[in-house]
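Trainee: Quick one: the structure is below, questions incoming.
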Amino acid sequence: MSGRFITFEGPEGSGKTTQLGLLREWMAGAGLPFIATREPGGTRLGADIREILLTPRADKVDPLAELLLYEADRANHVGQVIRPALGAGKHVLCDRFYDSTTAYQAYGRGLPEALVRELNEKAAGGLVPDLTLLFEVSAAEGLRRAKGGDDGDRLEGEGLDFHERVWKGFLELSQREPERVRLIPAGSVEEVHARVLAVVTETFGWTGNS
Ligand code: TMP
């Protein structure tokens, strides 16, 4: 049987990576076969692309060039890692996938959404996540950001406006495809983990001792 493809989406500081780690532990305990991976950077080529994309730099990066680098990472990742794992019956937990591209490159950078969607579909080879968990940023993190916070990597260094557009994009995606893109409200790490488990077990019928 083919594995399930679960993607973790949300702004920086939403705790999605922590939550992926907790679900991964739970799945290991339940004896479910899986791999955990991420975009950008899920292949060796992807690790190089990630470094190019995230290292702060003095020169301006053309938004179309940025989009194509994310899609190049994705095409390699889907072909070399995600599809083979799903085909081997493993579930795939992926930290970001093409909804990030719609949110960041279309809503954030302002590239035409139709173009972003077309390239997303091409790079993913038609693969669609079975479930996308969309994590909200906590009020505390939102406030830190509003005050200017630290600037971290190249995209984290973008202004508040950019991140507000990105969040609007994510929300619209969850409104458009509510069955697939499930909004997980912010809370403590434990509360959010409980919400994730509730959605995942309800969606796939998994139990703690599958
Ligand atoms: P991460 O640090 O959460 O792994 O994400 C890396 C950064 O790349 C984050 O700022 C979001 C950004 N990103 C895009 O802009 N477009 C994309 O398609 C993906 C996958 C990530």
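Simple scheme: letters A, B, ... for chains in structure tokens order, numbers from 1 for residues in each chain, numbers from 1 for ligands in the order shown.
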Do you know which residues are within 10 Å of ligand 1 using only C-alpha atoms and all ligand atoms? Can you write them as an mmCIF file with N, CA, C and O atoms, in the first residue's frame?
Mentor:
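This is the output file pocket_37.cif:
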data_model
loop_
_atom_site.group_PDB
_atom_site.id
_atom_site.type_symbol
_atom_site.label_atom_id
_atom_site.label_comp_id
_atom_site.auth_asym_id
_atom_site.auth_seq_id
_atom_site.Cartn_x
_atom_site.Cartn_y
_atom_site.Cartn_z
ATOM 1 N N PHE A 8 3.935 19.945 6.500
ATOM 2 C CA PHE A 8 3.875 20.863 7.646
ATOM 3 C C PHE A 8 4.151 22.259 7.137
ATOM 4 O O PHE A 8 5.230 22.509 6.578
ATOM 5 N N GLU A 9 3.194 23.146 7.315
ATOM 6 C CA GLU A 9 3.332 24.492 6.760
ATOM 7 C C GLU A 9 3.073 25.545 7.824
ATOM 8 O O GLU A 9 2.387 25.290 8.814
ATOM 9 N N GLY A 10 3.569 26.728 7.549
ATOM 10 C CA GLY A 10 3.325 27.842 8.470
ATOM 11 C C GLY A 10 4.474 28.822 8.407
ATOM 12 O O GLY A 10 5.505 28.543 7.813
ATOM 13 N N PRO A 11 4.282 29.977 9.040
ATOM 14 C CA PRO A 11 5.348 30.981 9.046
ATOM 15 C C PRO A 11 6.517 30.513 9.903
ATOM 16 O O PRO A 11 6.376 29.586 10.704
ATOM 17 N N GLU A 12 7.657 31.188 9.769
ATOM 18 C CA GLU A 12 8.771 30.951 10.686
ATOM 19 C C GLU A 12 8.265 31.241 12.097
ATOM 20 O O GLU A 12 7.481 32.165 12.298
ATOM 21 N N GLY A 13 8.709 30.430 13.055
ATOM 22 C CA GLY A 13 8.312 30.678 14.442
ATOM 23 C C GLY A 13 6.960 30.074 14.791
ATOM 24 O O GLY A 13 6.433 30.301 15.870
ATOM 25 N N SER A 14 6.399 29.260 13.878
ATOM 26 C CA SER A 14 5.092 28.667 14.166
ATOM 27 C C SER A 14 5.234 27.338 14.897
ATOM 28 O O SER A 14 4.236 26.746 15.304
ATOM 29 N N GLY A 15 6.456 26.861 15.039
ATOM 30 C CA GLY A 15 6.675 25.609 15.761
ATOM 31 C C GLY A 15 6.444 24.370 14.912
ATOM 32 O O GLY A 15 6.395 23.255 15.424
ATOM 33 N N LYS A 16 6.320 24.521 13.582
ATOM 34 C CA LYS A 16 6.012 23.360 12.741
ATOM 35 C C LYS A 16 7.099 22.284 12.795
ATOM 36 O O LYS A 16 6.809 21.098 12.774
ATOM 37 N N THR A 17 8.365 22.723 12.895
ATOM 38 C CA THR A 17 9.462 21.744 12.897
ATOM 39 C C THR A 17 9.463 20.947 14.201
ATOM 40 O O THR A 17 9.660 19.723 14.189
ATOM 41 N N ARG A 38 12.511 17.591 4.309
ATOM 42 C CA ARG A 38 12.135 19.005 4.316
ATOM 43 C C ARG A 38 12.423 19.665 2.980
ATOM 44 O O ARG A 38 13.218 19.164 2.168
ATOM 45 N N GLU A 39 11.791 20.812 2.777
ATOM 46 C CA GLU A 39 12.078 21.654 1.616
ATOM 47 C C GLU A 39 12.354 23.068 2.090
ATOM 48 O O GLU A 39 11.636 23.563 2.966
ATOM 49 N N PRO A 40 13.304 23.774 1.514
ATOM 50 C CA PRO A 40 14.282 23.188 0.601
ATOM 51 C C PRO A 40 15.303 22.367 1.387
ATOM 52 O O PRO A 40 15.448 22.551 2.589
ATOM 53 N N GLY A 41 15.967 21.429 0.680
ATOM 54 C CA GLY A 41 17.095 20.732 1.298
ATOM 55 C C GLY A 41 16.937 19.249 1.552
ATOM 56 O O GLY A 41 17.720 18.686 2.304
ATOM 57 N N ARG A 50 19.414 25.045 -0.795
ATOM 58 C CA ARG A 50 18.959 25.677 0.460
ATOM 59 C C ARG A 50 19.957 26.735 0.923
ATOM 60 O O ARG A 50 19.581 27.824 1.337
ATOM 61 N N GLU A 51 21.226 26.371 0.827
ATOM 62 C CA GLU A 51 22.226 27.329 1.291
ATOM 63 C C GLU A 51 22.185 28.602 0.443
ATOM 64 O O GLU A 51 22.247 29.717 0.963
ATOM 65 N N LEU A 53 19.629 29.765 -1.149
ATOM 66 C CA LEU A 53 18.390 30.506 -0.903
ATOM 67 C C LEU A 53 18.361 31.221 0.439
ATOM 68 O O LEU A 53 17.782 32.301 0.549
ATOM 69 N N LEU A 54 18.943 30.616 1.444
ATOM 70 C CA LEU A 54 18.739 31.162 2.795
ATOM 71 C C LEU A 54 19.881 32.025 3.327
ATOM 72 O O LEU A 54 19.701 32.753 4.300
ATOM 73 N N PRO A 63 12.762 37.733 -7.973
ATOM 74 C CA PRO A 63 11.747 36.816 -7.443
ATOM 75 C C PRO A 63 11.534 35.573 -8.325
ATOM 76 O O PRO A 63 11.308 34.481 -7.802
ATOM 77 N N GLU A 66 14.312 33.200 -7.620
ATOM 78 C CA GLU A 66 14.064 32.560 -6.314
ATOM 79 C C GLU A 66 13.037 31.438 -6.466
ATOM 80 O O GLU A 66 13.235 30.314 -5.994
ATOM 81 N N LEU A 67 11.937 31.746 -7.167
ATOM 82 C CA LEU A 67 10.893 30.733 -7.391
ATOM 83 C C LEU A 67 11.476 29.495 -8.073
ATOM 84 O O LEU A 67 11.226 28.362 -7.661
ATOM 85 N N LEU A 68 12.267 29.717 -9.117
ATOM 86 C CA LEU A 68 12.802 28.580 -9.877
ATOM 87 C C LEU A 68 13.751 27.739 -9.030
ATOM 88 O O LEU A 68 13.808 26.518 -9.185
ATOM 89 N N LEU A 69 14.474 28.372 -8.116
ATOM 90 C CA LEU A 69 15.358 27.597 -7.228
ATOM 91 C C LEU A 69 14.532 26.711 -6.281
ATOM 92 O O LEU A 69 14.868 25.545 -6.065
ATOM 93 N N TYR A 70 13.441 27.252 -5.723
ATOM 94 C CA TYR A 70 12.589 26.410 -4.868
ATOM 95 C C TYR A 70 11.996 25.256 -5.671
ATOM 96 O O TYR A 70 11.893 24.128 -5.188
ATOM 97 N N GLU A 71 11.608 25.542 -6.918
ATOM 98 C CA GLU A 71 10.997 24.476 -7.736
ATOM 99 C C GLU A 71 12.041 23.436 -8.165
ATOM 100 O O GLU A 71 11.732 22.249 -8.268
ATOM 101 N N ASP A 73 14.630 22.564 -6.388
ATOM 102 C CA ASP A 73 14.784 21.745 -5.178
ATOM 103 C C ASP A 73 13.661 20.712 -5.111
ATOM 104 O O ASP A 73 13.878 19.525 -4.851
ATOM 105 N N ARG A 74 12.430 21.181 -5.383
ATOM 106 C CA ARG A 74 11.246 20.310 -5.268
ATOM 107 C C ARG A 74 11.261 19.186 -6.296
ATOM 108 O O ARG A 74 10.976 18.030 -5.964
ATOM 109 N N CYS A 94 6.847 15.934 5.632
ATOM 110 C CA CYS A 94 7.682 16.914 4.936
ATOM 111 C C CYS A 94 7.508 18.314 5.532
ATOM 112 O O CYS A 94 6.393 18.839 5.580
ATOM 113 N N ASP A 95 8.628 18.891 5.986
ATOM 114 C CA ASP A 95 8.646 20.230 6.569
ATOM 115 C C ASP A 95 8.652 21.221 5.399
ATOM 116 O O ASP A 95 9.695 21.413 4.779
ATOM 117 N N ARG A 96 7.517 21.769 5.092
ATOM 118 C CA ARG A 96 7.214 22.663 3.963
ATOM 119 C C ARG A 96 7.125 21.890 2.642
ATOM 120 O O ARG A 96 7.861 20.946 2.397
ATOM 121 N N PHE A 97 6.199 22.364 1.803
ATOM 122 C CA PHE A 97 6.059 21.840 0.434
ATOM 123 C C PHE A 97 5.485 22.973 -0.394
ATOM 124 O O PHE A 97 5.690 24.155 -0.062
ATOM 125 N N TYR A 98 4.722 22.675 -1.438
ATOM 126 C CA TYR A 98 4.419 23.755 -2.385
ATOM 127 C C TYR A 98 3.465 24.837 -1.881
ATOM 128 O O TYR A 98 3.403 25.912 -2.460
ATOM 129 N N ASP A 99 2.750 24.583 -0.776
ATOM 130 C CA ASP A 99 1.924 25.671 -0.246
ATOM 131 C C ASP A 99 2.809 26.825 0.237
ATOM 132 O O ASP A 99 2.393 27.982 0.192
ATOM 133 N N SER A 100 4.031 26.492 0.689
ATOM 134 C CA SER A 100 4.965 27.565 1.066
ATOM 135 C C SER A 100 5.305 28.417 -0.152
ATOM 136 O O SER A 100 5.469 29.634 -0.032
ATOM 137 N N THR A 101 5.434 27.785 -1.290
ATOM 138 C CA THR A 101 5.790 28.554 -2.494
ATOM 139 C C THR A 101 4.654 29.495 -2.871
ATOM 140 O O THR A 101 4.887 30.648 -3.241
ATOM 141 N N THR A 102 3.420 29.006 -2.769
ATOM 142 C CA THR A 102 2.278 29.883 -3.055
ATOM 143 C C THR A 102 2.256 31.042 -2.054
ATOM 144 O O THR A 102 2.095 32.205 -2.429
ATOM 145 N N ALA A 103 2.450 30.721 -0.769
ATOM 146 C CA ALA A 103 2.379 31.770 0.254
ATOM 147 C C ALA A 103 3.543 32.766 0.125
ATOM 148 O O ALA A 103 3.322 33.976 0.132
ATOM 149 N N TYR A 104 4.766 32.269 -0.016
ATOM 150 C CA TYR A 104 5.938 33.169 -0.007
ATOM 151 C C TYR A 104 6.182 33.825 -1.371
ATOM 152 O O TYR A 104 6.423 35.027 -1.443
ATOM 153 N N GLN A 105 6.170 33.022 -2.436
ATOM 154 C CA GLN A 105 6.549 33.613 -3.730
ATOM 155 C C GLN A 105 5.366 34.320 -4.412
ATOM 156 O O GLN A 105 5.574 35.335 -5.075
ATOM 157 N N ALA A 106 4.136 33.792 -4.257
ATOM 158 C CA ALA A 106 3.001 34.489 -4.876
ATOM 159 C C ALA A 106 2.502 35.609 -3.949
ATOM 160 O O ALA A 106 2.556 36.775 -4.304
ATOM 161 N N GLY A 108 3.749 36.636 -0.903
ATOM 162 C CA GLY A 108 4.829 37.432 -0.312
ATOM 163 C C GLY A 108 5.548 38.285 -1.349
ATOM 164 O O GLY A 108 5.614 39.503 -1.226
ATOM 165 N N ARG A 109 6.068 37.642 -2.391
ATOM 166 C CA ARG A 109 6.861 38.369 -3.397
ATOM 167 C C ARG A 109 6.008 39.044 -4.461
ATOM 168 O O ARG A 109 6.509 39.873 -5.230
ATOM 169 N N VAL A 116 2.938 30.449 -10.300
ATOM 170 C CA VAL A 116 3.460 29.689 -9.159
ATOM 171 C C VAL A 116 2.760 28.329 -9.077
ATOM 172 O O VAL A 116 3.394 27.290 -8.898
ATOM 173 N N ASN A 120 4.483 24.756 -9.386
ATOM 174 C CA ASN A 120 4.329 23.834 -8.241
ATOM 175 C C ASN A 120 3.889 22.461 -8.744
ATOM 176 O O ASN A 120 4.433 21.426 -8.336
ATOM 177 N N GLY A 152 17.654 36.712 11.523
ATOM 178 C CA GLY A 152 17.837 35.338 11.062
ATOM 179 C C GLY A 152 18.273 35.191 9.620
ATOM 180 O O GLY A 152 19.132 35.933 9.156
ATOM 181 N N ASP A 153 17.663 34.255 8.868
ATOM 182 C CA ASP A 153 18.115 33.997 7.494
ATOM 183 C C ASP A 153 17.515 35.002 6.508
ATOM 184 O O ASP A 153 16.842 35.953 6.895
ATOM 185 N N ARG A 154 17.760 34.771 5.215
ATOM 186 C CA ARG A 154 17.423 35.787 4.219
ATOM 187 C C ARG A 154 15.921 36.107 4.186
ATOM 188 O O ARG A 154 15.533 37.272 4.063
ATOM 189 N N LEU A 155 15.062 35.082 4.326
ATOM 190 C CA LEU A 155 13.627 35.372 4.279
ATOM 191 C C LEU A 155 13.095 35.874 5.612
ATOM 192 O O LEU A 155 12.185 36.695 5.647
ATOM 193 N N GLU A 156 13.694 35.389 6.693
ATOM 194 C CA GLU A 156 13.257 35.887 8.010
ATOM 195 C C GLU A 156 13.531 37.386 8.127
ATOM 196 O O GLU A 156 12.867 38.085 8.874
ATOM 197 N N GLY A 157 14.538 37.850 7.377
ATOM 198 C CA GLY A 157 14.916 39.264 7.420
ATOM 199 C C GLY A 157 13.946 40.184 6.687
ATOM 200 O O GLY A 157 14.096 41.400 6.723
ATOM 201 N N GLU A 158 12.937 39.617 6.012
ATOM 202 C CA GLU A 158 11.942 40.451 5.317
ATOM 203 C C GLU A 158 11.079 41.189 6.344
ATOM 204 O O GLU A 158 10.931 40.748 7.473
ATOM 205 N N HIS A 163 5.664 39.258 5.802
ATOM 206 C CA HIS A 163 5.193 38.098 6.567
ATOM 207 C C HIS A 163 3.677 38.119 6.751
ATOM 208 O O HIS A 163 3.033 37.066 6.818
ATOM 209 N N VAL A 166 2.327 36.724 3.551
ATOM 210 C CA VAL A 166 2.545 35.263 3.528
ATOM 211 C C VAL A 166 1.455 34.564 4.343
ATOM 212 O O VAL A 166 0.846 33.582 3.895
#
Trainee: Assign secondary structure with DSSP using the backbone only, and return the residues of region 26-70 of chain A in helix (DSSP H, G or I) as a list in words.
Mentor: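 The helix (DSSP H, G or I) residues within region 26-70 of chain A come out as Trp26, Met27, Ala28, Gly29, Arg44, Leu45, Gly46, Ala47, Asp48, Ile49, Arg50, Glu51, Ile52, Leu53, Leu54, Pro63, Leu64, Ala65, Glu66, Leu67, Leu68, Leu69 and Tyr70 of chain A.
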Trainee: Write out, as JSON lines, each residue of region 68-145 of chain A that has an atom at most 6 Å from region 1-6 of chain A, together with the closest pair of atoms and their distance in Å to one decimal, counting only C-alpha atoms, rows going by chain and rising number.
Mentor:
{"residue": "A:Leu86", "atom": "CA", "partner": "A:Gly3", "partner_atom": "CA", "distance": 4.5}
{"residue": "A:Gly87", "atom": "CA", "partner": "A:Ser2", "partner_atom": "CA", "distance": 5.4}
{"residue": "A:Gly89", "atom": "CA", "partner": "A:Gly3", "partner_atom": "CA", "distance": 4.4}
{"residue": "A:Lys90", "atom": "CA", "partner": "A:Gly3", "partner_atom": "CA", "distance": 4.6}
{"residue": "A:His91", "atom": "CA", "partner": "A:Gly3", "partner_atom": "CA", "distance": 4.2}
{"residue": "A:Val92", "atom": "CA", "partner": "A:Phe5", "partner_atom": "CA", "distance": 4.9}
{"residue": "A:Leu93", "atom": "CA", "partner": "A:Ile6", "partner_atom": "CA", "distance": 5.0}
{"residue": "A:Pro129", "atom": "CA", "partner": "A:Phe5", "partner_atom": "CA", "distance": 5.1}
{"residue": "A:Asp130", "atom": "CA", "partner": "A:Phe5", "partner_atom": "CA", "distance": 5.2}
{"residue": "A:Leu131", "atom": "CA", "partner": "A:Ile6", "partner_atom": "CA", "distance": 4.9}
{"residue": "A:Thr132", "atom": "CA", "partner": "A:Ile6", "partner_atom": "CA", "distance": 5.7}
Trainee: What lies within 12 Å of Val199 (chain A) using only C-alpha atoms, ignoring chain neighbours under 5 positions off, as an MDAnalysis selection string?
Mentor: chainID A and resid 6 23 131:134 179:184 192:194 204:207
Trainee: Any chance you could list, as a VMD selection string, the residues in region 30-126 of chain A that come up strand (DSSP E) when DSSP is run on the backbone?
Mentor: chain A and resid 34 to 38 91 to 95
Trainee: Counting only C-alpha atoms, figure out which residue out of A:Ala72, A:Ala58, A:Gly110, A:Arg24 gets nearest to Arg165 (chain A).
Mentor: A:Gly110
